[in-house]
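Printed here is entry18.tsv (TSV, C-alpha atoms):
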chain	number	residue	atom	x	y	z
A	614	MET	CA	100.91	63.79	75.53
A	615	GLY	CA	102.18	67.37	75.20
A	616	LYS	CA	105.79	68.44	75.26
A	617	ALA	CA	107.23	68.99	78.75
A	618	PRO	CA	107.70	72.65	79.79
A	619	TRP	CA	111.21	73.97	79.24
A	620	LEU	CA	111.04	76.25	82.32
A	621	THR	CA	110.69	75.14	85.95
A	622	VAL	CA	110.26	77.67	88.77
A	623	ILE	CA	111.60	76.16	91.99
A	624	GLY	CA	110.76	77.52	95.43
A	625	LEU	CA	113.90	77.46	97.56
A	626	GLY	CA	114.30	78.03	101.30
A	627	GLU	CA	117.26	79.11	103.40
A	628	ASP	CA	117.98	75.43	104.09
A	629	GLY	CA	118.96	74.99	100.44
A	630	PRO	CA	118.74	71.49	98.92
A	631	GLU	CA	117.69	69.92	102.24
A	632	GLY	CA	114.25	71.48	101.99
A	633	LEU	CA	113.60	70.61	98.35
A	634	SER	CA	111.11	67.97	97.27
A	635	PRO	CA	112.22	65.03	95.09
A	636	ALA	CA	110.60	66.71	92.09
A	637	SER	CA	112.62	69.89	92.70
A	638	HIS	CA	115.84	67.90	93.08
A	639	ALA	CA	115.12	66.15	89.78
A	640	ALA	CA	114.40	69.46	88.01
A	641	LEU	CA	117.68	70.93	89.24
A	642	ALA	CA	119.67	67.85	88.23
A	643	ASP	CA	118.11	67.93	84.74
A	644	ALA	CA	118.59	71.66	84.14
A	645	GLU	CA	120.99	72.97	81.50
A	646	VAL	CA	120.68	76.46	82.97
A	647	VAL	CA	120.04	77.51	86.57
A	648	MET	CA	118.98	81.14	86.97
A	649	GLY	CA	118.21	83.15	90.09
A	650	PRO	CA	119.43	85.88	92.45
A	651	ALA	CA	123.02	85.46	93.64
A	652	ARG	CA	121.88	84.52	97.15
A	653	HIS	CA	119.69	81.73	95.85
A	654	LEU	CA	122.42	80.38	93.58
A	655	SER	CA	124.78	80.27	96.55
A	656	LEU	CA	122.38	77.98	98.40
A	657	VAL	CA	122.54	75.11	95.88
A	658	PRO	CA	125.67	73.17	94.84
A	659	ASP	CA	127.13	73.58	91.36
A	660	ASN	CA	126.00	70.61	89.26
A	661	GLY	CA	127.73	71.69	86.05
A	662	ALA	CA	124.76	73.60	84.63
A	663	GLU	CA	125.25	77.11	83.30
A	664	ARG	CA	124.52	79.64	86.04
A	665	ILE	CA	122.98	83.04	85.39
A	666	VAL	CA	122.47	85.69	88.06
A	667	TRP	CA	119.06	87.35	87.73
A	668	PRO	CA	119.78	91.03	86.99
A	669	VAL	CA	118.43	94.19	88.59
A	670	PRO	CA	115.94	95.60	87.71
A	671	PHE	CA	113.85	92.44	87.73
A	672	SER	CA	112.26	93.16	84.32
A	673	GLU	CA	115.63	92.74	82.58
A	674	GLY	CA	115.72	89.14	83.77
A	675	LEU	CA	112.47	88.37	81.95
A	676	ALA	CA	113.98	89.32	78.60
A	677	LEU	CA	117.07	87.27	79.43
A	678	LEU	CA	114.89	84.30	80.37
A	679	ARG	CA	112.94	84.60	77.11
A	680	GLY	CA	116.21	84.16	75.23
A	681	LEU	CA	116.71	80.77	76.93
A	682	ALA	CA	113.45	79.34	75.56
A	683	GLY	CA	113.84	75.75	74.39
A	684	ARG	CA	116.63	74.90	76.82
A	685	ARG	CA	115.98	73.14	80.12
A	686	VAL	CA	115.93	76.03	82.59
A	687	ALA	CA	115.42	76.10	86.36
A	688	VAL	CA	114.63	79.46	87.97
A	689	LEU	CA	115.19	79.71	91.72
A	690	ALA	CA	112.79	81.81	93.77
A	691	SER	CA	112.12	82.27	97.48
A	692	GLY	CA	109.77	79.84	99.24
A	693	ASP	CA	106.40	79.91	97.52
A	694	PRO	CA	107.00	81.85	94.27
A	695	PHE	CA	103.30	82.72	94.02
A	696	TRP	CA	103.02	84.50	97.36
A	697	PHE	CA	104.51	87.97	96.80
A	698	GLY	CA	107.18	86.28	94.69
A	699	ALA	CA	108.40	86.02	91.11
A	700	GLY	CA	106.00	83.27	90.10
A	701	SER	CA	103.03	85.41	89.08
A	702	VAL	CA	105.23	87.74	87.02
A	703	ILE	CA	106.79	84.82	85.14
A	704	ALA	CA	103.35	83.24	84.63
A	705	ARG	CA	102.09	86.46	82.98
A	706	GLU	CA	105.13	86.64	80.70
A	707	PHE	CA	105.11	83.07	79.38
A	708	GLU	CA	102.47	80.74	77.96
A	709	ALA	CA	101.05	78.10	80.30
A	710	HIS	CA	102.62	75.22	78.32
A	711	GLU	CA	106.11	76.72	78.70
A	712	TRP	CA	106.48	76.58	82.46
A	713	ARG	CA	105.70	74.64	85.61
A	714	ALA	CA	106.20	75.57	89.26
A	715	LEU	CA	107.36	73.57	92.27
A	716	PRO	CA	106.64	75.77	95.33
A	717	GLY	CA	108.49	75.46	98.61
A	718	VAL	CA	107.44	76.49	102.10
A	719	SER	CA	106.61	80.21	102.20
A	720	THR	CA	108.23	82.64	104.62
A	721	PHE	CA	104.73	83.40	105.89
A	722	SER	CA	104.18	79.75	106.85
A	723	LEU	CA	107.53	79.58	108.61
A	724	ALA	CA	106.93	82.85	110.48
A	725	ALA	CA	103.42	81.80	111.54
A	726	ALA	CA	104.81	78.50	112.80
A	727	ARG	CA	107.43	80.31	114.89
A	728	MET	CA	104.80	82.65	116.34
A	729	GLY	CA	102.06	80.06	116.80
A	730	TRP	CA	99.67	82.20	114.75
A	731	GLY	CA	96.94	80.88	112.49
A	732	LEU	CA	97.57	82.16	108.99
A	733	GLU	CA	93.84	82.46	108.36
A	734	GLY	CA	93.71	85.26	110.95
A	735	THR	CA	96.98	86.97	110.04
A	736	LEU	CA	97.49	89.66	107.43
A	737	CYS	CA	100.40	88.75	105.14
A	738	LEU	CA	102.06	91.55	103.16
A	739	GLY	CA	105.00	91.77	100.81
A	740	LEU	CA	106.64	95.10	101.67
A	741	HIS	CA	110.01	94.18	100.16
A	742	ALA	CA	109.04	95.97	96.94
A	743	ALA	CA	106.19	98.17	98.18
A	744	PRO	CA	105.92	101.29	100.38
A	745	LEU	CA	105.46	100.83	104.11
A	746	ALA	CA	102.31	102.96	103.81
A	747	ARG	CA	100.55	99.92	102.39
A	748	LEU	CA	100.18	98.97	106.05
A	749	ARG	CA	98.17	102.09	106.87
A	750	PRO	CA	94.63	100.80	106.22
A	751	HIS	CA	95.33	97.77	108.44
A	752	LEU	CA	96.84	99.50	111.47
A	753	ALA	CA	94.43	98.86	114.32
A	754	ARG	CA	95.07	97.61	117.84
A	755	GLY	CA	95.26	93.82	117.97
A	756	GLN	CA	95.91	93.31	114.25
A	757	ARG	CA	98.53	90.66	113.50
A	758	VAL	CA	100.73	91.14	110.44
A	759	ILE	CA	103.58	89.19	108.88
A	760	ALA	CA	105.49	91.41	106.46
A	761	LEU	CA	108.40	90.71	104.14
A	762	LEU	CA	110.89	93.58	104.17
A	763	ARG	CA	113.48	94.80	101.66
A	764	ASP	CA	116.52	94.40	103.89
A	765	GLY	CA	117.77	94.84	107.46
A	766	ALA	CA	117.67	98.64	107.28
A	767	ALA	CA	113.95	98.48	106.48
A	768	VAL	CA	113.27	97.16	110.00
A	769	ALA	CA	114.26	100.52	111.50
A	770	GLU	CA	112.23	102.31	108.81
A	771	LEU	CA	109.20	100.22	109.77
A	772	GLY	CA	109.68	101.03	113.46
A	773	ALA	CA	109.93	104.75	112.73
A	774	TYR	CA	106.85	104.63	110.50
A	775	LEU	CA	104.74	102.90	113.15
A	776	THR	CA	105.99	105.18	115.92
A	777	GLY	CA	105.21	108.27	113.84
A	778	LEU	CA	101.60	107.15	113.55
A	779	GLY	CA	101.23	106.50	117.28
A	780	PHE	CA	101.82	102.73	117.16
A	781	GLY	CA	105.27	102.71	118.78
A	782	ALA	CA	104.10	100.21	121.42
A	783	SER	CA	103.56	97.56	118.74
A	784	ALA	CA	105.39	94.28	119.35
A	785	LEU	CA	107.83	93.28	116.62
A	786	THR	CA	109.46	89.89	116.15
A	787	VAL	CA	112.22	90.30	113.60
A	788	MET	CA	113.10	87.04	111.85
A	789	GLU	CA	116.26	86.71	109.78
A	790	ALA	CA	117.05	83.87	107.36
A	791	LEU	CA	114.06	81.82	108.47
A	792	GLY	CA	114.41	78.08	108.03
A	793	GLY	CA	118.17	78.07	107.56
A	794	PRO	CA	121.29	77.72	109.69
A	795	ARG	CA	121.54	81.52	110.09
A	796	GLU	CA	118.02	81.86	111.48
A	797	ARG	CA	117.69	84.46	114.22
A	798	MET	CA	114.68	85.95	116.01
A	799	THR	CA	114.68	89.26	117.90
A	800	ARG	CA	111.76	90.64	119.88
A	801	ALA	CA	111.36	94.39	120.35
A	802	ARG	CA	108.88	97.23	120.21
A	803	ALA	CA	108.50	99.51	117.23
A	804	GLU	CA	109.80	102.48	119.23
A	805	ASP	CA	113.01	100.64	120.27
A	806	PRO	CA	116.34	101.04	118.43
A	807	LEU	CA	116.19	98.53	115.55
A	808	GLU	CA	119.61	98.00	114.02
A	809	GLY	CA	121.97	95.24	112.97
A	810	PHE	CA	119.58	93.05	111.00
A	811	GLY	CA	120.48	91.21	107.81
A	812	HIS	CA	118.76	90.03	104.66
A	813	PRO	CA	116.50	88.08	104.15
A	814	VAL	CA	114.23	89.42	106.85
A	815	CYS	CA	110.57	89.49	107.78
A	816	VAL	CA	108.68	90.91	110.74
A	817	ALA	CA	105.75	89.57	112.74
A	818	LEU	CA	103.83	92.57	114.05
A	819	GLU	CA	101.17	92.86	116.74
A	820	VAL	CA	99.73	96.35	116.48
A	821	ALA	CA	99.42	98.33	119.72
A	822	GLY	CA	99.43	101.97	120.76
A	823	GLU	CA	97.20	105.02	120.67
A	824	GLY	CA	97.40	105.68	116.95
A	825	ALA	CA	94.20	106.36	115.02
A	826	ALA	CA	92.87	103.48	112.95
A	827	LEU	CA	91.11	104.04	109.65
A	828	HIS	CA	87.58	102.77	110.15
A	829	ARG	CA	85.74	100.52	107.71
A	830	ALA	CA	82.64	102.67	107.25
A	831	SER	CA	82.34	105.38	104.60
A	832	GLY	CA	83.29	108.85	105.73
A	833	GLN	CA	86.79	108.98	107.19
A	834	ALA	CA	87.58	111.97	109.41
A	835	ASP	CA	88.35	115.11	107.40
A	836	ALA	CA	91.73	115.38	109.14
A	837	VAL	CA	92.86	112.17	107.44
A	838	PHE	CA	93.18	114.10	104.16
A	839	ASP	CA	95.52	117.00	103.43
A	840	SER	CA	93.41	119.67	101.76
A	841	ASP	CA	93.39	123.25	100.52
A	842	GLY	CA	89.67	123.37	101.26
A	843	ALA	CA	88.59	121.38	98.18
A	844	LEU	CA	87.33	118.47	100.25
A	845	THR	CA	83.97	116.71	100.31
A	846	LYS	CA	83.23	116.93	104.05
A	847	ARG	CA	82.77	113.73	106.05
A	848	PRO	CA	78.94	113.53	106.33
A	849	VAL	CA	78.44	114.42	102.66
A	850	ARG	CA	81.23	112.04	101.67
A	851	ALA	CA	79.54	109.19	103.53
A	852	LEU	CA	76.24	109.86	101.71
A	853	THR	CA	78.09	110.17	98.40
A	854	LEU	CA	79.90	106.86	98.77
A	855	SER	CA	76.66	105.19	99.80
A	856	ALA	CA	75.09	106.41	96.56
A	857	LEU	CA	78.12	105.33	94.51
A	858	ALA	CA	77.90	101.85	96.11
A	859	PRO	CA	81.45	100.55	95.49
A	860	GLY	CA	81.72	96.87	94.63
A	861	ALA	CA	84.67	94.48	94.27
A	862	GLY	CA	86.42	94.87	90.94
A	863	GLU	CA	84.56	98.05	89.99
A	864	MET	CA	86.08	101.21	88.49
A	865	LEU	CA	85.29	104.77	89.63
A	866	TRP	CA	85.95	108.06	87.88
A	867	ASP	CA	86.32	110.83	90.51
A	868	ILE	CA	85.96	113.99	88.41
A	869	GLY	CA	87.13	117.21	90.03
A	870	GLY	CA	89.14	115.18	92.50
A	871	GLY	CA	90.11	118.06	94.83
A	872	SER	CA	91.85	116.23	97.66
A	873	GLY	CA	91.06	112.77	96.32
A	874	SER	CA	88.89	111.79	99.28
A	875	ILE	CA	86.09	110.14	97.28
A	876	GLY	CA	88.43	108.10	95.09
A	877	ILE	CA	90.60	107.09	98.03
A	878	GLU	CA	87.66	105.95	100.16
A	879	TRP	CA	86.28	104.04	97.16
A	880	LEU	CA	89.61	102.16	97.03
A	881	LEU	CA	89.67	101.60	100.79
A	882	SER	CA	86.29	99.87	100.57
A	883	HIS	CA	87.73	96.73	98.90
A	884	PRO	CA	91.21	95.67	97.69
A	885	ALA	CA	89.87	94.84	94.20
A	886	THR	CA	88.33	98.25	93.47
A	887	GLN	CA	89.95	100.65	91.00
A	888	ALA	CA	89.72	104.41	90.56
A	889	VAL	CA	90.84	107.32	88.43
A	890	ALA	CA	90.88	110.87	89.81
A	891	VAL	CA	90.59	113.66	87.22
A	892	GLU	CA	91.80	117.06	88.38
A	893	MET	CA	92.65	120.08	86.24
A	894	ARG	CA	94.83	121.92	88.79
A	895	PRO	CA	98.37	120.48	89.03
A	896	GLU	CA	98.82	121.38	92.71
A	897	ARG	CA	95.64	119.54	93.60
A	898	ALA	CA	96.61	116.56	91.47
A	899	ALA	CA	99.87	116.40	93.42
A	900	ARG	CA	97.92	116.58	96.70
A	901	ILE	CA	95.69	113.69	95.58
A	902	ARG	CA	98.78	111.57	94.89
A	903	ALA	CA	100.25	112.46	98.28
A	904	ASN	CA	97.02	111.62	100.13
A	905	ALA	CA	96.73	108.30	98.34
A	906	ALA	CA	100.35	107.42	99.18
A	907	ALA	CA	99.96	108.40	102.84
A	908	LEU	CA	96.88	106.20	103.21
A	909	GLY	CA	98.42	103.17	101.56
A	910	VAL	CA	96.34	103.35	98.39
A	911	ASP	CA	98.54	102.72	95.36
A	912	ARG	CA	95.78	101.86	92.86
A	913	LEU	CA	94.64	105.44	92.28
A	914	GLN	CA	95.44	106.79	88.82
A	915	VAL	CA	95.57	110.59	88.75
A	916	VAL	CA	94.90	112.35	85.44
A	917	GLU	CA	95.55	116.07	85.07
A	918	GLY	CA	93.07	117.72	82.73
A	919	ARG	CA	89.56	119.05	82.25
A	920	ALA	CA	86.58	116.75	81.77
A	921	PRO	CA	85.17	115.64	79.41
A	922	GLU	CA	88.28	116.03	77.24
A	923	ALA	CA	90.51	114.22	79.78
A	924	LEU	CA	88.23	111.17	79.83
A	925	ALA	CA	88.94	110.00	76.29
A	926	ASP	CA	91.47	107.24	76.97
A	927	LEU	CA	90.37	106.12	80.43
A	928	PRO	CA	89.11	102.61	81.22
A	929	ARG	CA	85.31	102.44	81.23
A	930	PRO	CA	83.88	103.13	84.70
A	931	ASP	CA	81.12	101.41	86.64
A	932	ALA	CA	80.45	104.58	88.63
A	933	VAL	CA	81.28	108.28	88.25
A	934	PHE	CA	81.34	111.02	90.86
A	935	VAL	CA	81.37	114.65	89.76
A	936	GLY	CA	82.51	116.91	92.55
A	937	GLY	CA	83.86	119.73	90.39
A	938	GLY	CA	83.94	120.89	86.80
A	939	LEU	CA	80.23	120.23	86.23
A	940	SER	CA	79.02	121.30	82.79
A	941	GLU	CA	76.36	120.53	80.19
A	942	ALA	CA	79.04	118.97	77.97
A	943	LEU	CA	80.24	116.67	80.76
A	944	LEU	CA	76.71	115.44	81.52
A	945	GLU	CA	76.07	114.86	77.80
A	946	HIS	CA	79.24	112.77	77.64
A	947	LEU	CA	78.43	110.71	80.73
A	948	SER	CA	74.76	110.16	79.90
A	949	ALA	CA	75.83	108.43	76.67
A	950	MET	CA	77.39	105.60	78.71
A	951	PRO	CA	74.61	103.08	79.49
A	952	GLY	CA	74.49	101.33	82.86
A	953	LEU	CA	76.63	103.93	84.61
A	954	ARG	CA	76.00	104.84	88.26
A	955	LEU	CA	76.35	108.62	88.27
A	956	VAL	CA	76.47	110.80	91.38
A	957	VAL	CA	76.86	114.57	91.14
A	958	ASN	CA	77.16	117.04	94.01
A	959	ALA	CA	76.32	120.72	93.42
A	960	VAL	CA	76.55	123.79	95.64
A	961	THR	CA	75.93	126.79	93.37
A	962	LEU	CA	72.48	127.85	92.15
A	963	GLU	CA	73.63	127.44	88.55
A	964	SER	CA	74.75	123.87	89.18
A	965	GLU	CA	71.53	123.08	91.05
A	966	ALA	CA	69.50	124.31	88.08
A	967	LEU	CA	71.52	122.11	85.74
A	968	LEU	CA	70.93	119.05	87.93
A	969	ALA	CA	67.22	119.78	88.18
A	970	ALA	CA	66.96	119.92	84.39
A	971	TRP	CA	68.87	116.68	83.93
A	972	GLN	CA	66.89	114.91	86.65
A	973	ALA	CA	63.71	115.84	84.78
A	974	ARG	CA	65.30	114.38	81.63
A	975	LEU	CA	66.85	111.15	82.95
A	976	GLY	CA	65.14	110.58	86.29
A	977	GLY	CA	67.07	109.43	89.31
A	978	THR	CA	67.04	110.96	92.78
A	979	LEU	CA	67.62	114.56	93.85
A	980	LEU	CA	68.69	114.91	97.48
A	981	ARG	CA	69.23	118.19	99.29
A	982	ILE	CA	71.75	117.84	102.12
A	983	GLU	CA	71.69	120.59	104.75
A	984	LEU	CA	74.10	120.30	107.65
A	985	ALA	CA	74.75	122.44	110.70
A	986	GLU	CA	77.30	122.06	113.48
A	987	ALA	CA	77.09	123.44	116.99
A	988	GLY	CA	79.52	126.29	117.65
A	989	ALA	CA	80.14	129.31	119.82
A	990	LEU	CA	77.57	132.11	119.60
A	991	GLY	CA	78.75	134.84	121.94
A	992	THR	CA	78.75	133.33	125.43
A	993	ARG	CA	76.42	130.55	124.34
A	994	ARG	CA	76.23	128.08	121.49
A	995	GLY	CA	74.27	127.97	118.26
A	996	TRP	CA	74.06	126.18	114.94
A	997	LYS	CA	76.45	127.12	112.15
A	998	ALA	CA	75.04	125.97	108.84
A	999	SER	CA	77.13	124.84	105.90
A	1000	TYR	CA	76.21	125.55	102.30
A	1001	PRO	CA	73.52	123.06	101.28
A	1002	VAL	CA	74.56	120.39	98.80
A	1003	VAL	CA	72.23	119.06	96.11
A	1004	GLN	CA	73.05	115.51	95.11
A	1005	TRP	CA	71.76	113.84	91.96
A	1006	SER	CA	72.17	110.09	91.63
A	1007	VAL	CA	71.02	108.13	88.60
A	1008	THR	CA	71.82	105.01	86.60
A	1009	THR	CA	72.12	105.96	82.93
Using the file provided, produce a representation of the structure as structure tokens.
Amino acid sequence: MGKAPWLTVIGLGEDGPEGLSPASHAALADAEVVMGPARHLSLVPDNGAERIVWPVPFSEGLALLRGLAGRRVAVLASGDPFWFGAGSVIAREFEAHEWRALPGVSTFSLAAARMGWGLEGTLCLGLHAAPLARLRPHLARGQRVIALLRDGAAVAELGAYLTGLGFGASALTVMEALGGPRERMTRARAEDPLEGFGHPVCVALEVAGEGAALHRASGQADAVFDSDGALTKRPVRALTLSALAPGAGEMLWDIGGGSGSIGIEWLLSHPATQAVAVEMRPERAARIRANAAALGVDRLQVVEGRAPEALADLPRPDAVFVGGGLSEALLEHLSAMPGLRLVVNAVTLESEALLAAWQARLGGTLLRIELAEAGALGTRRGWKASYPVVQWSVTT
């Protein structure tokens, strides 16, 4: 039989030792060192073990913990350490034979029980160490959310964020110190004054109001993206994303990112997708970052530079979109990557000629997209045509 792990991660609730399992009690009693945030340490009695407060930033605690290897160590974490907690970070840092985990009841389970909500139909988010904008893709009337927040002040920040997007009518149930003697629940609306709350805190949210939801189909409204005009317009974007065919876990290169709309919508399609936007103009690269942040997409890597030179150290893609910076050298570079789904949009005659030559060489599909919108024509209405777009899609 192998040697017992030296490190035990114990999930602890606001009720302290009363909520611990027999195995967790035994691990605490056997520990030479007990490590955790000050609040967690205050919840368990001193049993004579050495006590170490987990430092801030969190990463410094990992190095400190590594130095305790070989001693019997108990690390205290909130509730279920593997649900937006420290457990997954510790598991990545240490070998599997070094640690074991004894989870407690998660805050999400406690909050759902107070609300009478089924967890299987409730979105659970850890916003205690993430921007509130991570909510943005999920804000739609009727959506139920349980969110962990940083501290009491973050409740007012959440209310202001929701109200600013038109969801001020959303019902909030603010829950402080769930499961412990200090537990308190307060019901309000997002647009109400939200002050006087303490840590630890979570919020159960029922989304309501007239705010605009992000839809699930390709082709978000153009107004969703801040742009200087370098934007793949909605109908063309929908056709482009259809050709790119995003799949779970896949990586996209969005070359000539402009406003970032293609890369951002790729990421909105599934939480496991990844993307890199390559943009040579710094002001546009900054706009891509801002658009991604506003829409709750924090998986978009933005690289400033000109392709193909800027592609050298990037993770290999499953699909590539070229919306700007098209050149013979770029197509030579991309065509050397077998199994790549490549989609290129061109507007100029020179770019069209280049795509026609490469389609003759590699095959694939050439699609000419011509769009016109109705608009004023004197006292009547007529069609106003956009520049036609030629789209080449091919698998290399």
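The gap separating atom CA of A:Gly777 from atom CA of A:Ala753 is 14.3 Å, in Å to one decimal.
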Residues near stretch 676-693 of chain A, cut-off 6 Å, all atoms listed in the file, skip fewer than 6 positions along chain, as a tab-separated table (two decimals) with C-alpha atoms, in the frame of the given file:
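Listed below is the output, result_1.tsv:
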chain	number	residue	atom	x	y	z
A	619	TRP	CA	111.21	73.97	79.24
A	620	LEU	CA	111.04	76.25	82.32
A	621	THR	CA	110.69	75.14	85.95
A	622	VAL	CA	110.26	77.67	88.77
A	623	ILE	CA	111.60	76.16	91.99
A	624	GLY	CA	110.76	77.52	95.43
A	625	LEU	CA	113.90	77.46	97.56
A	626	GLY	CA	114.30	78.03	101.30
A	644	ALA	CA	118.59	71.66	84.14
A	645	GLU	CA	120.99	72.97	81.50
A	646	VAL	CA	120.68	76.46	82.97
A	647	VAL	CA	120.04	77.51	86.57
A	648	MET	CA	118.98	81.14	86.97
A	649	GLY	CA	118.21	83.15	90.09
A	716	PRO	CA	106.64	75.77	95.33
A	717	GLY	CA	108.49	75.46	98.61
A	718	VAL	CA	107.44	76.49	102.10
A	719	SER	CA	106.61	80.21	102.20
| task | Up to 6 Å from (115.7, 97.2, 110.7) in the file's coordinates: name the residues, counting all atoms listed in the file, as a PyMOL selection string. | result | chain A and resi 765-769+807-808+810
| query | Using only C-alpha atoms, which of A:Leu944, A:Val1002, A:Leu908, A:Ala714 sits nearest A:Leu984? | reply |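 Among A:Leu944, A:Val1002, A:Leu908, A:Ala714, it is A:Val1002 that comes nearest to A:Leu984.
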Mind checking which residues fall within 12 Å of A:Ala743, counting all atoms listed in the file, ignoring those fewer than 5 positions away in the same chain, and posting them as an mmCIF file with C-alpha atoms, in the frame of the given file?
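Printed below is result-v9.cif as written:
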data_model
loop_
_atom_site.group_PDB
_atom_site.id
_atom_site.type_symbol
_atom_site.label_atom_id
_atom_site.label_comp_id
_atom_site.auth_asym_id
_atom_site.auth_seq_id
_atom_site.Cartn_x
_atom_site.Cartn_y
_atom_site.Cartn_z
ATOM 1 C CA PHE A 697 104.510 87.970 96.800
ATOM 2 C CA LEU A 738 102.060 91.550 103.160
ATOM 3 C CA LEU A 748 100.180 98.970 106.050
ATOM 4 C CA ALA A 760 105.490 91.410 106.460
ATOM 5 C CA LEU A 761 108.400 90.710 104.140
ATOM 6 C CA LEU A 762 110.890 93.580 104.170
ATOM 7 C CA ARG A 763 113.480 94.800 101.660
ATOM 8 C CA ALA A 767 113.950 98.480 106.480
ATOM 9 C CA ALA A 906 100.350 107.420 99.180
ATOM 10 C CA GLY A 909 98.420 103.170 101.560
ATOM 11 C CA VAL A 910 96.340 103.350 98.390
ATOM 12 C CA ASP A 911 98.540 102.720 95.360
#
| request: Show me as a PyMOL selection string the residues that reach within 12 Å of (104.9, 88.5, 83.9), counting all atoms listed in the file and using the file's own coordinates. | output: chain A and resi 671-676+678-679+695+698-709
Who sits within 7 Å of stretch 890-894 of chain A, all atoms listed in the file, same chain under 4 positions skipped, as a short mmCIF file (atom, residue, chain, number, x, y, z; two decimals) with C-alpha atoms, in the coordinates of the input:
data_model
loop_
_atom_site.label_atom_id
_atom_site.label_comp_id
_atom_site.auth_asym_id
_atom_site.auth_seq_id
_atom_site.Cartn_x
_atom_site.Cartn_y
_atom_site.Cartn_z
CA TRP A 866 85.95 108.06 87.88
CA ASP A 867 86.32 110.83 90.51
CA ILE A 868 85.96 113.99 88.41
CA GLY A 869 87.13 117.21 90.03
CA GLY A 870 89.14 115.18 92.50
CA GLY A 871 90.11 118.06 94.83
CA GLY A 873 91.06 112.77 96.32
CA GLY A 876 88.43 108.10 95.09
CA ALA A 898 96.61 116.56 91.47
CA GLN A 914 95.44 106.79 88.82
CA VAL A 915 95.57 110.59 88.75
CA VAL A 916 94.90 112.35 85.44
CA GLU A 917 95.55 116.07 85.07
CA GLY A 918 93.07 117.72 82.73
CA ARG A 919 89.56 119.05 82.25
#
| field | Between atom CA of A:Pro658 and atom CA of A:Arg795 - distance in Å to one decimal | value |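 That distance, rounded to one decimal, is 17.9 Å.
Straight-line separation from atom CA of A:Pro813 to atom CA of A:His741: 9.8 Å.
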Which residues are close to A:Pro630, i.e. within 12 Å by only C-alpha atoms, leaving aside same-chain residues fewer than 2 positions away? Reply as an mmCIF file with C-alpha atoms, in the coordinates of the input.
data_model
loop_
_atom_site.group_PDB
_atom_site.id
_atom_site.type_symbol
_atom_site.label_atom_id
_atom_site.label_comp_id
_atom_site.auth_asym_id
_atom_site.auth_seq_id
_atom_site.Cartn_x
_atom_site.Cartn_y
_atom_site.Cartn_z
ATOM 1 C CA ILE A 623 111.600 76.160 91.990
ATOM 2 C CA GLY A 624 110.760 77.520 95.430
ATOM 3 C CA LEU A 625 113.900 77.460 97.560
ATOM 4 C CA GLY A 626 114.300 78.030 101.300
ATOM 5 C CA GLU A 627 117.260 79.110 103.400
ATOM 6 C CA ASP A 628 117.980 75.430 104.090
ATOM 7 C CA GLY A 632 114.250 71.480 101.990
ATOM 8 C CA LEU A 633 113.600 70.610 98.350
ATOM 9 C CA SER A 634 111.110 67.970 97.270
ATOM 10 C CA PRO A 635 112.220 65.030 95.090
ATOM 11 C CA ALA A 636 110.600 66.710 92.090
ATOM 12 C CA SER A 637 112.620 69.890 92.700
ATOM 13 C CA HIS A 638 115.840 67.900 93.080
ATOM 14 C CA ALA A 639 115.120 66.150 89.780
ATOM 15 C CA ALA A 640 114.400 69.460 88.010
ATOM 16 C CA LEU A 641 117.680 70.930 89.240
ATOM 17 C CA ALA A 642 119.670 67.850 88.230
ATOM 18 C CA HIS A 653 119.690 81.730 95.850
ATOM 19 C CA LEU A 654 122.420 80.380 93.580
ATOM 20 C CA SER A 655 124.780 80.270 96.550
ATOM 21 C CA LEU A 656 122.380 77.980 98.400
ATOM 22 C CA VAL A 657 122.540 75.110 95.880
ATOM 23 C CA PRO A 658 125.670 73.170 94.840
ATOM 24 C CA ASP A 659 127.130 73.580 91.360
ATOM 25 C CA LEU A 689 115.190 79.710 91.720
ATOM 26 C CA GLY A 717 108.490 75.460 98.610
ATOM 27 C CA GLY A 793 118.170 78.070 107.560
#
| said: Taking only C-alpha atoms into account, name the residue in A:Val956, A:Ala801, A:Ala987, A:Met728 that is nearest to A:Thr1009. | reply: A:Val956
